[in-house]
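For reference, protein-v6.cif (mmCIF, C-alpha atoms and all ligand atoms):
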```cif
data_final
loop_
_atom_site.label_atom_id
_atom_site.label_comp_id
_atom_site.auth_asym_id
_atom_site.auth_seq_id
_atom_site.Cartn_x
_atom_site.Cartn_y
_atom_site.Cartn_z
CA MET A 43 9.24 -28.32 -4.48
CA ASP A 44 9.25 -27.05 -0.93
CA ALA A 45 5.75 -27.55 0.41
CA THR A 46 5.68 -24.15 2.12
CA ILE A 47 6.35 -22.33 -1.14
CA THR A 48 3.73 -24.38 -3.01
CA THR A 49 1.15 -23.72 -0.32
CA THR A 50 2.01 -20.04 -0.15
CA VAL A 51 1.79 -19.55 -3.91
CA ASN A 52 -1.44 -21.53 -4.09
CA THR A 53 -2.89 -19.48 -1.27
CA ILE A 54 -1.95 -16.30 -3.06
CA ALA A 55 -2.69 -17.23 -6.66
CA GLY A 56 -5.08 -20.13 -6.70
CA MET A 57 -8.24 -18.55 -5.48
CA THR A 58 -10.84 -19.89 -7.90
CA LEU A 59 -14.49 -18.91 -8.01
CA SER A 60 -17.42 -20.66 -9.63
CA SER A 61 -17.78 -19.57 -13.27
CA SER A 62 -21.10 -17.71 -12.91
CA VAL A 63 -19.88 -15.79 -9.84
CA SER A 64 -16.58 -14.92 -11.49
CA GLU A 65 -18.30 -13.82 -14.74
CA ASN A 66 -20.62 -11.50 -12.83
CA LEU A 67 -17.78 -10.16 -10.77
CA TYR A 68 -15.73 -9.65 -13.93
CA ASN A 69 -18.50 -7.70 -15.72
CA GLN A 70 -19.35 -5.58 -12.68
CA THR A 71 -15.72 -4.74 -12.00
CA LEU A 72 -15.06 -3.74 -15.59
CA CYS A 73 -18.21 -1.65 -15.70
CA THR A 74 -17.35 0.18 -12.46
CA LEU A 75 -13.77 0.78 -13.51
CA ARG A 76 -14.73 2.04 -16.99
CA SER A 77 -17.38 4.43 -15.69
CA SER A 78 -15.00 5.76 -12.99
CA GLU A 79 -12.29 6.24 -15.59
CA ASN A 80 -14.66 8.10 -17.94
CA LYS A 81 -15.84 10.44 -15.18
CA LEU A 82 -12.32 11.13 -14.03
CA CYS A 83 -11.04 11.76 -17.57
CA ASP A 84 -13.89 14.21 -18.16
CA ILE A 85 -12.94 16.12 -15.00
CA VAL A 86 -9.27 16.15 -16.04
CA LYS A 87 -10.22 17.45 -19.52
CA GLN A 88 -12.37 20.17 -18.00
CA LEU A 89 -9.69 21.26 -15.55
CA ASN A 90 -7.11 21.20 -18.32
CA SER A 91 -9.13 23.67 -20.33
CA GLU A 92 -9.52 25.97 -17.32
CA SER A 93 -6.96 27.88 -15.36
CA LEU A 94 -5.87 25.00 -13.08
CA ARG A 95 -3.50 23.50 -15.63
CA SER A 96 -0.44 23.47 -13.38
CA SER A 97 -2.25 22.56 -10.19
CA PRO A 98 -0.70 19.66 -8.23
CA LYS A 99 -4.25 18.34 -7.78
CA LEU A 100 -4.46 17.94 -11.57
CA ASP A 101 -1.28 15.83 -11.49
CA ASP A 102 -2.88 13.64 -8.83
CA LEU A 103 -6.00 13.18 -10.93
CA THR A 104 -3.98 12.36 -14.05
CA GLN A 105 -2.16 9.71 -12.01
CA TYR A 106 -5.51 8.22 -10.98
CA CYS A 107 -6.52 8.09 -14.67
CA ASN A 108 -3.36 6.04 -15.37
CA PHE A 109 -4.19 3.83 -12.41
CA PHE A 110 -7.67 3.12 -13.79
CA ARG A 111 -6.25 2.43 -17.26
CA ASP A 112 -3.78 -0.14 -15.84
CA GLU A 113 -6.49 -1.77 -13.74
CA ILE A 114 -8.92 -2.00 -16.69
CA GLU A 115 -6.21 -3.60 -18.82
CA SER A 116 -5.46 -6.16 -16.08
CA VAL A 117 -9.12 -7.05 -15.60
CA GLU A 118 -9.73 -7.31 -19.38
CA LYS A 119 -6.88 -9.78 -19.72
CA LEU A 120 -7.81 -11.47 -16.40
CA GLU A 121 -4.26 -10.69 -15.47
CA LEU A 122 -2.95 -11.27 -11.95
CA ARG A 123 0.36 -9.48 -11.51
CA MET A 124 2.46 -10.25 -8.47
CA ALA A 125 5.73 -8.39 -7.90
CA ILE A 126 8.52 -9.38 -5.56
CA VAL A 127 10.39 -6.65 -3.70
CA GLY A 128 12.90 -7.05 -0.93
CA THR A 129 16.12 -6.03 0.67
CA MET A 130 19.39 -6.50 -1.23
CA LYS A 131 20.36 -10.15 -1.60
CA ALA A 132 17.31 -11.37 0.34
CA GLY A 133 16.99 -14.04 -2.36
CA LYS A 134 14.21 -12.52 -4.51
CA SER A 135 15.40 -14.16 -7.74
CA THR A 136 16.15 -17.47 -5.97
CA ILE A 137 12.63 -17.49 -4.48
CA LEU A 138 11.15 -16.95 -7.93
CA ASN A 139 13.31 -19.74 -9.38
CA ALA A 140 11.91 -21.98 -6.63
CA ILE A 141 8.37 -20.92 -7.49
CA ILE A 142 8.73 -21.44 -11.25
CA GLY A 143 10.71 -24.66 -10.81
CA TYR A 144 13.57 -23.67 -13.13
CA ASP A 145 16.88 -21.95 -12.48
CA LEU A 146 16.35 -19.12 -14.95
CA LEU A 147 16.74 -15.85 -13.06
CA PRO A 148 20.39 -15.10 -12.36
CA SER A 149 21.41 -14.92 -8.70
CA ARG A 150 24.70 -14.47 -6.88
CA ASN A 151 26.04 -13.17 -3.61
CA THR A 152 26.67 -9.66 -4.98
CA ALA A 153 24.05 -7.30 -6.48
CA MET A 154 22.58 -8.98 -9.58
CA THR A 155 19.12 -7.95 -10.78
CA THR A 156 19.11 -4.50 -12.40
CA LEU A 157 16.12 -4.58 -14.70
CA PRO A 158 12.72 -5.94 -13.61
CA THR A 159 11.89 -9.24 -15.35
CA GLU A 160 8.39 -10.52 -16.06
CA ILE A 161 7.60 -14.22 -15.65
CA LEU A 162 4.47 -15.37 -17.42
CA PHE A 163 3.06 -18.82 -16.60
CA SER A 164 1.72 -20.41 -19.72
CA GLN A 165 -0.46 -23.53 -19.79
CA HIS A 166 0.60 -24.16 -23.41
CA SER A 167 4.33 -23.70 -23.05
CA LYS A 168 6.48 -26.85 -23.26
CA GLU A 169 9.80 -25.30 -22.30
CA PRO A 170 10.92 -21.94 -20.89
CA GLN A 171 11.52 -19.11 -23.34
CA LEU A 172 13.14 -15.73 -22.87
CA ILE A 173 11.35 -13.09 -24.93
CA LEU A 174 13.10 -9.80 -25.62
CA LYS A 175 11.74 -6.78 -27.44
CA SER A 176 13.88 -5.74 -30.41
CA GLU A 177 14.10 -2.22 -28.92
CA LEU A 178 15.75 -3.66 -25.78
CA ILE A 179 18.20 -5.70 -27.89
CA THR A 180 19.13 -2.59 -29.90
CA MET A 181 19.66 -0.62 -26.67
CA ILE A 182 21.79 -3.35 -25.03
CA ASN A 183 23.90 -3.63 -28.21
CA GLU A 184 24.34 0.15 -28.25
CA ILE A 185 25.44 0.21 -24.60
CA GLY A 186 27.66 -2.83 -25.27
CA ARG A 187 29.47 -0.93 -28.08
CA GLN A 188 30.13 1.93 -25.69
CA LEU A 189 31.47 -0.53 -23.11
CA GLN A 190 33.84 -1.97 -25.75
CA LEU A 191 35.43 1.48 -26.03
CA LYS A 192 36.08 1.48 -22.28
CA THR A 193 37.56 -1.99 -21.80
CA ASN A 194 41.12 -0.62 -21.68
CA GLU A 195 40.47 2.39 -19.49
CA CYS A 196 42.70 2.71 -16.48
CA ASN A 197 40.96 2.54 -13.10
CA LEU A 198 38.27 0.35 -14.66
CA GLY A 199 38.55 -2.17 -11.81
CA ILE A 200 38.15 0.57 -9.20
CA ARG A 201 35.18 2.12 -11.04
CA LEU A 202 33.60 -1.34 -11.06
CA ARG A 203 34.32 -1.56 -7.30
CA ASN A 204 36.58 -4.56 -7.94
CA GLU A 205 33.52 -6.72 -8.47
CA GLU A 206 34.87 -9.88 -10.04
CA ASP A 207 31.81 -10.75 -12.15
CA LEU A 208 31.67 -7.25 -13.66
CA ILE A 209 35.41 -7.18 -14.42
CA ASN A 210 35.12 -10.64 -16.01
CA MET A 211 32.23 -9.38 -18.13
CA MET A 212 34.34 -6.46 -19.43
CA ASN A 213 37.27 -8.83 -20.15
CA ASN A 214 34.93 -11.15 -21.98
CA ILE A 215 33.55 -8.28 -24.07
CA ALA A 216 37.13 -7.22 -24.92
CA ALA A 217 38.19 -10.75 -25.88
CA ASN A 218 35.07 -12.16 -27.53
CA GLY A 219 32.92 -9.18 -28.50
CA LEU A 220 29.28 -8.67 -27.59
CA THR A 221 26.78 -11.45 -26.86
CA THR A 222 24.26 -11.91 -29.65
CA LEU A 223 20.74 -11.61 -28.28
CA ALA A 224 17.64 -12.96 -30.02
CA THR A 225 13.99 -12.03 -29.57
CA ILE A 226 13.26 -15.63 -28.48
CA THR A 227 15.82 -17.73 -26.58
CA CYS A 228 15.33 -21.35 -25.49
CA GLY A 229 17.56 -23.56 -23.34
CA ASN A 230 17.76 -22.90 -19.60
CA SER A 231 21.48 -22.18 -19.36
CA LYS A 232 21.37 -19.86 -22.40
CA ILE A 233 18.43 -18.01 -20.85
CA VAL A 234 20.19 -17.47 -17.53
CA ASP A 235 23.42 -16.40 -19.32
CA ASN A 236 21.56 -13.88 -21.49
CA LEU A 237 19.68 -12.43 -18.53
CA LYS A 238 22.94 -12.14 -16.60
CA TYR A 239 24.54 -10.39 -19.60
CA ILE A 240 21.66 -7.91 -19.97
CA ASN A 241 21.59 -7.10 -16.24
CA ASP A 242 25.37 -6.72 -16.00
CA VAL A 243 25.65 -4.57 -19.15
CA ILE A 244 23.09 -2.20 -17.62
CA ARG A 245 24.75 -2.34 -14.18
CA ILE A 246 28.19 -1.52 -15.65
CA SER A 247 26.75 1.26 -17.84
CA VAL A 248 25.33 2.99 -14.74
CA MET A 249 28.68 2.61 -12.92
CA LEU A 250 30.52 4.11 -15.92
CA ASN A 251 27.97 6.91 -16.40
CA ILE A 252 26.77 5.70 -19.79
CA GLU A 253 23.25 6.95 -20.52
CA ASN A 254 20.49 4.47 -21.20
CA SER A 255 16.92 5.24 -22.08
CA ILE A 256 15.31 1.88 -21.51
CA ASP A 257 11.55 2.07 -21.71
CA SER A 258 9.42 0.45 -19.02
CA THR A 259 7.60 -1.63 -21.66
CA TRP A 260 10.85 -3.26 -22.81
CA ILE A 261 11.56 -5.37 -19.73
CA PRO A 262 12.57 -8.99 -20.45
CA ARG A 263 9.79 -11.58 -20.30
CA LEU A 264 10.16 -15.25 -19.38
CA LYS A 265 7.43 -17.57 -20.56
CA VAL A 266 7.44 -20.73 -18.43
CA PRO A 267 5.36 -23.90 -18.34
CA LEU A 268 3.49 -24.77 -15.15
CA ALA A 269 6.24 -26.88 -13.66
CA HIS A 270 4.46 -28.36 -10.68
CA SER A 271 1.07 -28.99 -9.26
CA PHE A 272 0.10 -25.44 -8.60
CA SER A 273 -3.21 -24.16 -9.74
CA ILE A 274 -3.75 -20.90 -11.58
CA PRO A 275 -7.09 -19.24 -12.06
CA GLN A 276 -8.18 -18.54 -15.65
CA GLY A 277 -6.33 -15.76 -17.36
CA GLU A 278 -2.70 -14.77 -16.98
CA PHE A 279 -0.54 -15.05 -13.87
CA ILE A 280 2.54 -12.87 -14.09
CA ILE A 281 5.29 -12.48 -11.51
CA ILE A 282 7.80 -9.63 -11.66
CA ASP A 283 11.32 -9.86 -10.28
CA THR A 284 12.83 -6.55 -9.20
CA PRO A 285 16.21 -5.24 -8.03
CA GLY A 286 16.89 -4.32 -4.40
CA PRO A 287 15.43 -0.88 -3.56
CA ASN A 288 18.70 0.42 -2.17
CA ASP A 289 20.92 -0.67 -5.05
CA SER A 290 23.25 2.28 -5.59
CA ASN A 291 23.77 1.21 -9.18
CA LEU A 292 20.24 1.92 -10.24
CA SER A 293 19.77 5.23 -12.01
CA ALA A 294 16.69 7.34 -11.16
CA HIS A 295 15.33 6.23 -14.51
CA LEU A 296 15.65 2.50 -13.64
CA ARG A 297 14.15 3.13 -10.19
CA GLN A 298 11.14 4.69 -11.90
CA ILE A 299 10.70 1.56 -14.03
CA VAL A 300 10.71 -0.54 -10.84
CA ILE A 301 8.17 1.71 -9.10
CA SER A 302 5.81 1.63 -12.08
CA GLU A 303 5.99 -2.20 -12.06
CA LEU A 304 5.11 -2.21 -8.36
CA GLN A 305 2.18 0.11 -8.97
CA LYS A 306 0.80 -2.18 -11.67
CA ALA A 307 1.00 -5.27 -9.41
CA THR A 308 -2.11 -6.58 -7.66
CA LEU A 309 -0.10 -8.56 -5.11
CA ILE A 310 3.26 -7.74 -3.58
CA LEU A 311 5.61 -10.35 -2.11
CA VAL A 312 8.12 -8.81 0.26
CA ALA A 313 11.29 -10.93 0.47
CA LEU A 314 13.39 -10.56 3.61
CA GLU A 315 16.24 -12.37 5.30
CA PHE A 316 15.23 -13.89 8.62
CA ILE A 317 18.31 -12.40 10.30
CA GLY A 318 17.35 -8.93 9.07
CA SER A 319 19.32 -6.69 6.70
CA ASP A 320 21.21 -3.43 6.61
CA SER A 321 19.03 -0.77 8.27
CA ASN A 322 19.30 1.59 5.26
CA ASP A 323 18.06 -1.19 3.00
CA GLU A 324 15.15 -1.89 5.31
CA ALA A 325 14.26 1.82 5.54
CA LYS A 326 14.29 2.14 1.74
CA LEU A 327 12.10 -0.96 1.42
CA GLN A 328 9.64 0.45 3.96
CA GLU A 329 9.57 3.66 1.90
CA ASP A 330 8.79 1.73 -1.30
CA ILE A 331 6.01 -0.20 0.41
CA GLU A 332 4.61 3.09 1.70
CA THR A 333 4.68 4.50 -1.88
CA ILE A 334 2.66 1.50 -3.05
CA ARG A 335 0.25 1.89 -0.13
CA GLU A 336 -0.32 5.56 -1.03
CA TYR A 337 -0.76 4.71 -4.70
CA LYS A 338 -3.30 2.01 -3.90
CA ASP A 339 -4.90 4.47 -1.50
CA THR A 340 -6.00 1.75 0.90
CA ASP A 341 -5.17 0.88 4.47
CA SER A 342 -6.06 -2.76 3.85
CA PRO A 343 -2.76 -4.63 3.57
CA SER A 344 -4.35 -7.79 2.09
CA TYR A 345 -2.29 -7.44 -1.11
CA LEU A 346 0.97 -7.68 0.86
CA TYR A 347 2.71 -10.97 1.70
CA ALA A 348 6.12 -11.43 3.30
CA LEU A 349 8.47 -14.33 2.61
CA VAL A 350 11.15 -14.55 5.27
CA ASN A 351 13.96 -16.38 3.51
CA LYS A 352 17.17 -18.31 4.30
CA ILE A 353 15.78 -20.04 7.39
CA ASP A 354 18.15 -22.94 6.67
CA GLN A 355 20.71 -20.70 8.40
CA ARG A 356 18.71 -20.43 11.62
CA ILE A 357 20.51 -21.66 14.75
CA GLU A 358 18.15 -22.45 17.60
CA GLY A 359 18.86 -20.41 20.69
CA LYS A 360 20.98 -17.92 18.75
CA HIS A 361 18.37 -16.47 16.41
CA ASN A 362 14.78 -15.36 16.92
CA SER A 363 12.12 -18.10 16.91
CA ILE A 364 9.61 -18.43 14.05
CA GLU A 365 6.91 -16.58 16.05
CA GLN A 366 9.27 -13.76 17.06
CA THR A 367 10.48 -13.34 13.48
CA LYS A 368 6.97 -13.29 12.04
CA ALA A 369 5.72 -10.79 14.63
CA ALA A 370 8.68 -8.44 14.03
CA VAL A 371 8.23 -8.55 10.23
CA ALA A 372 4.46 -8.01 10.51
CA MET A 373 4.99 -4.95 12.70
CA LYS A 374 7.85 -3.41 10.74
CA TYR A 375 6.21 -3.69 7.32
CA LYS A 376 2.57 -3.43 8.48
CA ILE A 377 1.68 -6.83 6.99
CA PRO A 378 -0.90 -9.13 8.66
CA VAL A 379 0.96 -11.83 10.55
CA ALA A 380 -1.08 -14.50 8.72
CA ASN A 381 0.49 -13.24 5.48
CA VAL A 382 4.05 -13.73 6.76
CA HIS A 383 5.63 -17.06 5.77
CA GLU A 384 9.07 -18.49 6.49
CA ILE A 385 10.91 -20.28 3.70
CA SER A 386 14.26 -21.46 2.45
CA ALA A 387 14.33 -20.89 -1.30
CA MET A 388 17.66 -22.67 -1.52
CA ASN A 389 16.28 -25.83 0.12
CA ALA A 390 13.21 -25.62 -2.09
CA ILE A 391 15.38 -25.63 -5.21
CA LEU A 392 17.61 -28.37 -3.81
CA SER A 393 14.74 -30.69 -2.92
CA TYR A 394 13.00 -30.00 -6.23
CA THR A 395 16.19 -30.69 -8.24
CA PHE A 396 16.89 -33.82 -6.21
CA ARG A 397 13.42 -35.24 -6.82
CA GLN A 398 13.72 -34.53 -10.56
CA GLU A 399 17.14 -36.24 -10.74
CA TYR A 400 15.84 -39.16 -8.66
CA GLU A 401 12.93 -39.68 -11.07
CA GLU A 402 15.26 -39.52 -14.09
CA LEU A 403 17.62 -42.07 -12.55
CA GLU A 404 14.72 -44.37 -11.63
CA LYS A 405 13.81 -44.59 -15.35
CA LYS A 406 17.32 -45.77 -16.29
CA SER A 407 18.72 -47.91 -13.46
CA ASP A 408 18.40 -49.17 -9.90
CA VAL A 409 18.31 -46.37 -7.39
CA THR A 410 20.81 -46.92 -4.57
CA HIS A 411 22.81 -44.48 -2.45
CA GLU A 412 25.81 -45.36 -4.65
CA THR A 413 24.07 -44.71 -8.01
CA LEU A 414 22.58 -41.48 -6.64
CA MET A 415 26.06 -40.36 -5.56
CA SER A 416 27.70 -41.17 -8.89
CA LYS A 417 24.93 -40.18 -11.29
CA THR A 418 23.21 -37.14 -9.78
CA LYS A 419 24.55 -33.68 -8.98
CA SER A 420 22.21 -32.87 -6.12
CA TYR A 421 22.43 -36.03 -3.93
CA LYS A 422 25.39 -34.99 -1.77
CA MET A 423 24.15 -31.45 -1.18
CA PHE A 424 20.63 -32.69 -0.49
CA MET A 425 21.84 -35.30 2.02
CA GLN A 426 24.08 -32.74 3.76
CA GLN A 427 21.20 -30.32 4.03
CA ALA A 428 18.73 -32.97 5.22
CA LEU A 429 20.98 -34.92 7.59
CA GLY A 430 23.80 -32.56 8.55
CA GLN A 431 27.57 -32.99 8.45
CA THR A 432 27.51 -36.66 9.47
CA TRP A 433 25.15 -37.55 6.62
CA GLU A 434 27.34 -40.39 5.31
CA GLN A 435 26.99 -42.40 8.54
CA ALA A 436 23.27 -41.53 8.86
CA ALA A 437 22.59 -42.49 5.21
CA GLU A 438 23.29 -46.17 5.98
CA TYR A 439 20.11 -46.29 8.07
CA ILE A 440 17.86 -44.58 5.50
CA ASN A 441 15.87 -46.55 2.97
CA VAL A 442 16.68 -44.95 -0.38
CA ASN A 443 13.03 -45.15 -1.50
CA LEU A 444 12.08 -42.72 1.27
CA LEU A 445 14.36 -39.96 -0.01
CA PRO A 446 11.81 -38.35 -2.41
CA ASN A 447 9.34 -38.16 0.51
CA ILE A 448 11.97 -36.56 2.72
CA ALA A 449 12.70 -34.09 -0.10
CA GLU A 450 9.03 -33.23 -0.41
CA LYS A 451 8.71 -32.64 3.33
N1 LIG A 501 21.46 -20.09 2.61
C1 LIG A 501 20.60 -19.62 1.72
N2 LIG A 501 21.04 -18.80 0.73
C2 LIG A 501 20.14 -18.34 -0.16
C3 LIG A 501 18.75 -18.66 -0.08
N3 LIG A 501 18.11 -18.02 -1.07
C4 LIG A 501 19.05 -17.32 -1.76
N4 LIG A 501 20.27 -17.53 -1.22
C5 LIG A 501 21.55 -16.96 -1.67
O1 LIG A 501 21.51 -15.54 -1.47
C6 LIG A 501 22.25 -14.88 -2.51
C7 LIG A 501 21.37 -13.80 -3.14
O2 LIG A 501 20.33 -14.42 -3.85
P1 LIG A 501 19.58 -13.65 -5.04
O3 LIG A 501 18.44 -14.51 -5.45
O4 LIG A 501 20.55 -13.21 -6.08
O5 LIG A 501 19.07 -12.36 -4.25
P2 LIG A 501 18.26 -11.11 -4.82
O6 LIG A 501 17.40 -10.65 -3.71
O7 LIG A 501 17.58 -11.47 -6.08
O8 LIG A 501 19.43 -10.07 -5.08
P3 LIG A 501 19.46 -8.77 -6.09
O9 LIG A 501 18.84 -9.19 -7.37
O10 LIG A 501 20.90 -8.47 -6.27
O11 LIG A 501 18.73 -7.68 -5.40
C8 LIG A 501 22.68 -15.94 -3.51
O12 LIG A 501 24.03 -16.27 -3.24
C9 LIG A 501 21.74 -17.11 -3.19
O13 LIG A 501 22.32 -18.39 -3.47
C10 LIG A 501 18.33 -19.56 0.98
O14 LIG A 501 17.15 -19.91 1.13
N5 LIG A 501 19.30 -19.97 1.85
MG MG A 502 17.74 -10.72 -8.02
#
```
Translate this structure into structure tokens?
Amino acid sequence: MDATITTTVNTIAGMTLSSSVSENLYNQTLCTLRSSENKLCDIVKQLNSESLRSSPKLDDLTQYCNFFRDEIESVEKLELRMAIVGTMKAGKSTILNAIIGYDLLPSRNTAMTTLPTEILFSQHSKEPQLILKSELITMINEIGRQLQLKTNECNLGIRLRNEEDLINMMNNIAANGLTTLATITCGNSKIVDNLKYINDVIRISVMLNIENSIDSTWIPRLKVPLAHSFSIPQGEFIIIDTPGPNDSNLSAHLRQIVISELQKATLILVALEFIGSDSNDEAKLQEDIETIREYKDTDSPSYLYALVNKIDQRIEGKHNSIEQTKAAVAMKYKIPVANVHEISAMNAILSYTFRQEYEELEKKSDVTHETLMSKTKSYKMFMQQALGQTWEQAAEYINVNLLPNIAEK
């Protein structure tokens, strides 16, 4: 896996304390949170019974009660929640695939993620699992049945903005019926297909004005093994993938689900493209970050990290340098410059996949440039990315045993 991503995630997630210090800290934190929550709830009760029932201040206080409840739950479970937000197509889902070490979250070059997805790292898990609540399955089936009634409607293509993937999905529903979803799904390609189906069914339903009342507690959950050498403190480490903040195909209801996920998160990763994005997208993202800042009621931005993605596309002399990019991002999103990291999620996945395929091949036969070319899927793309267009000539001078090291670098 790309060393920058490993280091970044370890920096963010792997802060371990000695057991006596962490136990004390744990007890003190819980005690403070519980007593604050009790006091606040008493005040809310008192105000509720008096004449201030519809005061906006009371709404604020009730929101703080919810905040304390969420925080207490997180501390009790030793839960570290980290959410990723970012401009449209910045590569949020690809970054998370690079972090988890499996291609499970669907990604494409048109809007994809509609519903936040939780990723839970599990020390005991042997293979990835997609876990769906039965309520979500019932809701997706219900929406799917309504979509079946619309597969022959005229203007369907226009209403779906001629988006090929969405039109294909409707054609597939018409020809083959609905996809059967289970509460637990195994198999990486089945998982990614099911997540794509769920996200697209919801996306199409919003475009065709079909109501959905998805509850915020029904979001899909991926349980994944710890794929590489990255350390996790005790307790649960959960990452949440979210849709772009300016996605016009998110209903107000879905937006609210996203915001509540961001509020629950202890750490926020902001994914951006190094060349910048549409200014409306950036403005909406700044607004979301501001909402989180207000909710957390702190000026300290230590919970915010930025990942500036797609740097494999940087052309020296044409684009901003690393320092210029980091400084601009830090200023625009009010994130400490030390918390801004540059990455290429695509290269991370490519190098990770290549190293896995290399190791598999090594177990079965001699590893040469020829066997890598004929027996692995990632060799050609990896060599092109590492050595450029003239990789075939350059490859002759490279000892094949050094390739995993090059991939790691
Ligand atoms: N060149 C390059 N492309 C990338 C990189 N990371 C992601 N992409 C591509 O960018 C496109 C968008 O990636 P996604 O992961 O779907 O982006 P997203 O932010 O999750 O998008 P939404 O879920 O629709 O908001 C896909 O075509 C990815 O293959 C990268 O590091 N370099
Ligand atoms: Mg996505």
Sort by chain and increasing residue number a table of all residues of chain A within 8 Å of ligand LIG 501 (chain A), each with its closest pair of atoms and their distance in Å to one decimal, counting all atoms listed in the file, and write it as a Markdown table.
```
| residue | atom | partner | partner_atom | distance |
| --- | --- | --- | --- | --- |
| A:Gly128 | CA | A:LIG501 | O6 | 6.4 |
| A:Thr129 | CA | A:LIG501 | O6 | 6.5 |
| A:Met130 | CA | A:LIG501 | O11 | 4.4 |
| A:Lys131 | CA | A:LIG501 | O8 | 3.6 |
| A:Ala132 | CA | A:LIG501 | O6 | 4.1 |
| A:Gly133 | CA | A:LIG501 | O5 | 3.3 |
| A:Lys134 | CA | A:LIG501 | O6 | 3.8 |
| A:Ser135 | CA | A:LIG501 | O3 | 3.8 |
| A:Thr136 | CA | A:LIG501 | O3 | 3.8 |
| A:Ile137 | CA | A:LIG501 | N3 | 6.5 |
| A:Leu147 | CA | A:LIG501 | O3 | 7.9 |
| A:Pro148 | CA | A:LIG501 | O4 | 6.6 |
| A:Ser149 | CA | A:LIG501 | O4 | 3.2 |
| A:Arg150 | CA | A:LIG501 | O12 | 4.1 |
| A:Asn151 | CA | A:LIG501 | O12 | 3.7 |
| A:Thr152 | CA | A:LIG501 | O10 | 6.0 |
| A:Ala153 | CA | A:LIG501 | O10 | 3.4 |
| A:Met154 | CA | A:LIG501 | O10 | 3.7 |
| A:Thr155 | CA | A:LIG501 | O9 | 3.6 |
| A:Thr156 | CA | A:LIG501 | O9 | 6.9 |
| A:Asp283 | CA | A:LIG501 | O7 | 7.7 |
| A:Thr284 | CA | A:LIG501 | O9 | 6.8 |
| A:Pro285 | CA | A:LIG501 | O11 | 4.4 |
| A:Gly286 | CA | A:LIG501 | O11 | 4.0 |
| A:Pro287 | CA | A:LIG501 | O11 | 7.8 |
| A:Asp289 | CA | A:LIG501 | O11 | 7.4 |
| A:Ala313 | CA | A:LIG501 | O6 | 7.4 |
| A:Asn351 | CA | A:LIG501 | O14 | 5.3 |
| A:Lys352 | CA | A:LIG501 | O14 | 3.6 |
| A:Ile353 | CA | A:LIG501 | O14 | 6.4 |
| A:Asp354 | CA | A:LIG501 | N5 | 5.8 |
| A:Gln355 | CA | A:LIG501 | N1 | 5.9 |
| A:Ile385 | CA | A:LIG501 | O14 | 6.8 |
| A:Ser386 | CA | A:LIG501 | O14 | 3.5 |
| A:Ala387 | CA | A:LIG501 | O14 | 3.8 |
| A:Met388 | CA | A:LIG501 | O14 | 3.9 |
| A:Asn389 | CA | A:LIG501 | O14 | 6.1 |
| A:Ala390 | CA | A:LIG501 | O14 | 7.6 |
```
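Across the model, the gap from CA of Asn210 in chain A to CA of Thr193 in chain A is 10.7 Å.
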>> So the first atom is CA of Ile301 in chain A and the second is CA of Glu121 in chain A; what is the distance between them in Å, to one decimal place?
In response: 18.7 Å
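Taking all atoms listed in the file into account, Leu268 in chain A lies nearest to A:Ile280 out of the set A:Leu346, A:Ala125, A:Leu120, A:Ile280.
For the pair CA of Tyr144 in chain A and CA of Asn230 in chain A, the separation is 7.7 Å.
Distance check against Ser321 in chain A using all atoms listed in the file: of A:Leu198, A:Cys107, A:Lys87, A:Lys374, the minimum falls on A:Lys374.
Counting all atoms listed in the file, range 412-414 of chain A has the following residues at most 8 Å away, ignoring those fewer than 6 positions along the same chain: Tyr400, Leu403 and Tyr421 of chain A.
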Can you rebuild range 248-253 of chain A with N, CA, C and O atoms and give it as a tab-separated table (two decimals), in the frame of the given file?
```tsv
chain	number	residue	atom	x	y	z
A	248	VAL	N	25.66	1.97	-15.77
A	248	VAL	CA	25.33	2.99	-14.74
A	248	VAL	C	26.61	3.36	-13.98
A	248	VAL	O	26.89	4.53	-13.72
A	249	MET	N	27.44	2.34	-13.68
A	249	MET	CA	28.68	2.61	-12.92
A	249	MET	C	29.65	3.47	-13.73
A	249	MET	O	30.44	4.23	-13.18
A	250	LEU	N	29.60	3.34	-15.07
A	250	LEU	CA	30.52	4.11	-15.92
A	250	LEU	C	29.85	5.34	-16.52
A	250	LEU	O	30.36	5.94	-17.47
A	251	ASN	N	28.72	5.72	-15.96
A	251	ASN	CA	27.97	6.91	-16.40
A	251	ASN	C	27.62	6.91	-17.88
A	251	ASN	O	27.74	7.92	-18.56
A	252	ILE	N	27.23	5.76	-18.39
A	252	ILE	CA	26.77	5.70	-19.79
A	252	ILE	C	25.24	5.80	-19.75
A	252	ILE	O	24.59	5.03	-19.05
A	253	GLU	N	24.72	6.72	-20.51
A	253	GLU	CA	23.25	6.95	-20.52
A	253	GLU	C	22.51	5.74	-21.10
A	253	GLU	O	22.99	5.11	-22.04
```
